[in-house]
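Enquirer: The structure under discussion is supplied below as C-alpha cells; questions concerning it will follow.
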Amino acid sequence: MADFDLNSSYIPALHKPSALLPVAKHRESLLFLIETNPVTIVVGQTGSGKTTQIPQFLEAAGWCSDGKIIGITQPRRVAATTVAVRVAEEYGCELGKQVGYSIRFEDVTSAVTSIKFMTDGLLIREALVDPLLSRYSVIMVDEAHERSISTDILLGLLKKILRRRPELRIIISSATLQADEFLRFFADGDATGSQPGAIITLEGRTYPIDVLYLEQATEDYVESAVSTVFQIHQKEAAGDILVFLTGREEIDSAVQAIEERSAQLSQGSSRIVPLPLYAGLTTEQQMYVFEPAAANTRKVILSTNIAEASVTIDGVVYVVDCGFVKLRAFNPQTSIESLTVTPVSKASAQQRAGRAGRTRPGKCFRLYSEDAYQSLPDITAPEIQRSNLAPFILQLKALGIDNVVRFDYFTPPPAELMLRATELLFSLGALDEYAKLTRPLGMRMAELAVEPMMAKTLLSSPAFGCLEEMLSIAAMTALGGSVFYADGNKKQLDGARRRFAAEEGDHLTLLNIYQAFVTKGKKESKFCHENHLNYKSLLRAVSIRGQLRRYLERFGLTAEIASQNPAIPKAESIRRCLTTGFFAHAARMQPDGTFLNVAGGTVLYAHPSSLMFNRKADWVIFHEVIESGKKTFIRDVTKIEKAWLLEYAADFYQLKT
Ligand code: CDP
Ligand code: MG
C-alpha cells in the first residue's frame, strides 16, 4: 500500500519527446541484442533514457505478451518510486496499473502490472517465494555500477537462475564503463564457452562543465554550501542548483538556513526555493524536486547521493559538491555497522559534476581543494566489502544456498565479515551449530521484512506477552528517525519529546507516540502539529505495522503466549524482549555519560534525539549507530539489566571472552 495516493494527483505532464533521448536511436539494436543474448550490458550516461525507455521498448516489443512481466531493480527506494511515476505518466496509465513499483512496505502494483520497478533487495526477497523468479521475462539490474550489496548478491542469484532458465533475459545498466567486468562475471563458468552476452554503449550528450575548487579546505561544508548557493544566486545566470550533502540532518539544516537567508534578499530580486531530496521523505515530498520552478524563481535541490546517478532532475546548471558521502561501514571488531561520512571517490565527484551539464554548459563548485581532489580514491569500494553481512547470509541460506562461502559473488566479501555474520546469526538462533538455517526461527527471520535483530525481537514477543507493543515499536523504528519534523523550533521539539518520554528509553517512548497517534492523532489534525509529529511518517508506521502483523499471522503467531511471569510489568517484558534481539548492541554508561560498547569497547554517544542524551543509565541496548564528525552516536536506546544479557545471549558473550 502506498502511504500516499499518487493517482489522485496524476497530471499528464509535458515531456521532452522521448524520441530525442540517446537511447531512442538504439532501439532496434537493443531489442535485437536482448532477443539474441541472455545478458545485455547497457552503458550510457545518466539521462540517456536507460531506465525510463528500455522497459517501454521491451513491453511494446511483446516481452509481456504471455503474462510475464519486466522487472527493473534500483539500489534506492527513491529511484524506484520516482522513476515509476514518470514511466506511468509516459505510458499513460495510473501508477500501479500497467506500470508500478514495489519497495519494502509499499507495493503499488496490481494484476495488470507489466513494468515493475523495485529495489534490488525486494527482488532478492521475492526469490524466497519464487526461486526462479519465473514471473519475469526480463530483469533489468539498473545502476549496477553502484555495486550496492543487494545488486551484487542479485547478480550472483541471476547467474544461477539463468542456468535453469535460459530463456530469461538480463539487462545490466551502468552509468560508467565497467561493462567488461559484468560480462566476464556472467561468462565465467559457462561450460559451452559461448558468449553469454553483448555490450551496447549509448553515447549521451553532455555540455562542458567548469569545475571550480576552494583554495582551502572548509571547516563547515554545510555552511559553505549555503553561502555558495547565495553567491551563485546573486552572480550567475538563471538555472537550478543541485547541492550534494551527506544526509537528512545536514540537508534539513541547509534548507532552513537558505529559507532564513532568502528572506533577507532584496525586494525585486528573483526568489530562491530550497527543496530536500533524501530517502526518508515520503513519495509525495520527493516529487516536488521534479516540478519546474515557478517564474522568476531558482530551485535549489539539496540531495544525498540519490541525485548522483539514480534520478535525473532537469534544469540543473550548477552543482555544489561537499565532497563527502555517507557510506555503510561495518567494524568486525566491534560488530557495529554505521553510516559514516566518508570522502567521495574521483568517479563520484565526476559523476556529480556531470549533473550540471545535461541541458547546457554548467558549473560545478567543489567545496574542497584541487589537491584534496587529487588525493581521493579512484572508485568507492563495493558495499559487500564493508557491510554487516548477516541479513544477506540469512537470505542466501533461506534460498537454499547453504555453502555461502562458495556462492558466486561478483566480488567476494572478506572472510572476517562472513565469520562475524555467521556468529551473530548463530547467537540469534537463526543458524544451528552446523551453520544450517533453523526452522522455524531462522526461516521466519529471513522472511520477515526487517533486519535480523529486529526480526528475532518480533518473533520472541509472543513469549514475552508483548506482541502488539513490539509490532508498534518495530514499525516506528522502521521510519528511520522521521517521527518528529524539524522546523528549527528546537524548544517546541524538545517539549514534544518530553511529553511522550518514557523513563525506560526510546523504544517505549516510540510506543507512547504510536499509541497516542492512533488514539488521537489520526482524527485530530492539530494533534500532530501541536506535538511536532510527522503525520505522513506516522501513517506510514500504521501501514508498516499492519504488514508486519500479517507476516506474524501467516506464521501463526497472533495470540500472546502468557507463559511469562504475570508479575513482570509490561515495560520490563518489552525491554527483556528487545534484549533477545539486540544483545549484540549492548553498551554500558561510563561516569562521564558516554557509553562503552560491550562487544568491542568503542566509545558511543547518545544521539541528541535520544532520551538517553543527558540522562543517567547503566546498561542499555541500542538500535542504530550514526557517525557524525568524529563521534559515534547511538539512536533508539533502551535501558536493560546486565543479567538479561547472560540470560538471553550467553553464547554471544562467551564467544567474546
Ligand atoms: O536511466 P538514465 O539515466 O539513462 O535516463 P532516464 O532516467 O531514463 O531519464 C531520461 C529522461 O527522462 C531524462 O531527460 C530525465 O530528465 C527524464 N526524467 C524526468 O524528467 N523525470 C523522472 N522522474 C525521470 C526521468
Ligand atoms: Mg537510470
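To be explicit about the labels: the chains of the C-alpha cells are called A, B, and onward in the order shown, and within each one the residues are counted from 1, while ligands get numbers from 1 in the order they are shown.
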Which residues are close to A:Lys523, i.e. within 12 Å by only C-alpha atoms, leaving aside same-chain residues fewer than 6 positions away? Reply as a list in words.
Expert: Ala516, Phe517, Tyr535 and Leu539 of chain A
Enquirer: Write out as a tab-separated table the residues of chain A that have any atom within 8 Å of an atom of ligand 1, one row each with the nearest atom pair and its distance in Å to one decimal, counting only C-alpha atoms and all ligand atoms, sorted by chain and then rising number.
Expert:
residue	atom	partner	partner_atom_place_in_ligand_line	distance
A:His15	CA	ligand 1	20 (O)	7.2
A:Lys16	CA	ligand 1	14 (O)	7.2
A:Ser18	CA	ligand 1	11 (C)	7.3
A:Leu21	CA	ligand 1	10 (C)	6.8
A:Val23	CA	ligand 1	4 (O)	7.7
A:Gly44	CA	ligand 1	4 (O)	6.1
A:Gln45	CA	ligand 1	4 (O)	5.9
A:Thr46	CA	ligand 1	3 (O)	3.3
A:Gly47	CA	ligand 1	5 (O)	3.5
A:Ser48	CA	ligand 1	4 (O)	3.8
A:Gly49	CA	ligand 1	8 (O)	3.2
A:Lys50	CA	ligand 1	4 (O)	3.7
A:Thr51	CA	ligand 1	1 (O)	3.7
A:Thr52	CA	ligand 1	8 (O)	3.7
A:Gln53	CA	ligand 1	8 (O)	5.7
A:Ile54	CA	ligand 1	8 (O)	7.9
A:Thr82	CA	ligand 1	23 (N)	5.0
A:Val83	CA	ligand 1	23 (N)	4.7
A:Ala84	CA	ligand 1	23 (N)	7.6
A:Val85	CA	ligand 1	23 (N)	6.6
A:Arg86	CA	ligand 1	23 (N)	4.7
A:Val87	CA	ligand 1	24 (C)	7.6
A:Asp142	CA	ligand 1	1 (O)	7.9
A:Ala175	CA	ligand 1	3 (O)	7.4
A:Phe290	CA	ligand 1	21 (N)	6.3
A:Ala309	CA	ligand 1	3 (O)	6.6
A:Ser310	CA	ligand 1	3 (O)	6.8
A:Val311	CA	ligand 1	7 (O)	6.0
A:Thr312	CA	ligand 1	16 (O)	4.8
A:Ile313	CA	ligand 1	16 (O)	5.3
A:Asp314	CA	ligand 1	16 (O)	4.8
Enquirer: Restricting the calculation to only C-alpha atoms, which member of A:Ala19, A:Leu95, A:Ala111, A:Ile301 is positioned closest to A:Tyr288?
Expert: A:Ile301
Enquirer: Of the residues A:Lys97, A:Gly323, A:Phe652, A:Ser609, which is the one nearest to A:Ser369, using only C-alpha atoms?
Expert: A:Gly323
Enquirer: Tell me, as a ChimeraX atom specification, which residues lie within 12 Å of A:Thr558, counting only C-alpha atoms; anything in the same chain fewer than 2 positions away does not count.
Expert: /A:458-463,465-468,471,548-556,560-561
Enquirer: Based on the backbone DSSP call, show me all residues of stretch 339-486 of chain A assigned strand (DSSP E), as a list in words.
Expert: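 The residues of stretch 339-486 of chain A classed as strand (DSSP E) are Leu339, Thr340, Val341, Thr342, Pro343, Gly362, Lys363, Cys364, Phe365 and Arg366 of chain A.
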Enquirer: Let me see the file: selected residues, C-alpha atoms, as a JSON list (two decimals), in the first residue's frame.
Expert:
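What follows is the written file out10.json:
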[["chain", "number", "residue", "atom", "x", "y", "z"],
["A", 339, "LEU", "CA", 26.68, 5.11, 8.26],
["A", 340, "THR", "CA", 29.93, 7.01, 8.14],
["A", 341, "VAL", "CA", 30.65, 10.26, 6.41],
["A", 342, "THR", "CA", 33.48, 9.43, 4.01],
["A", 343, "PRO", "CA", 35.24, 11.41, 1.25],
["A", 362, "GLY", "CA", 27.25, 24.21, -16.43],
["A", 363, "LYS", "CA", 29.45, 24.82, -13.45],
["A", 364, "CYS", "CA", 30.45, 22.61, -10.57],
["A", 365, "PHE", "CA", 31.63, 24.13, -7.29],
["A", 366, "ARG", "CA", 33.65, 21.66, -5.27]]
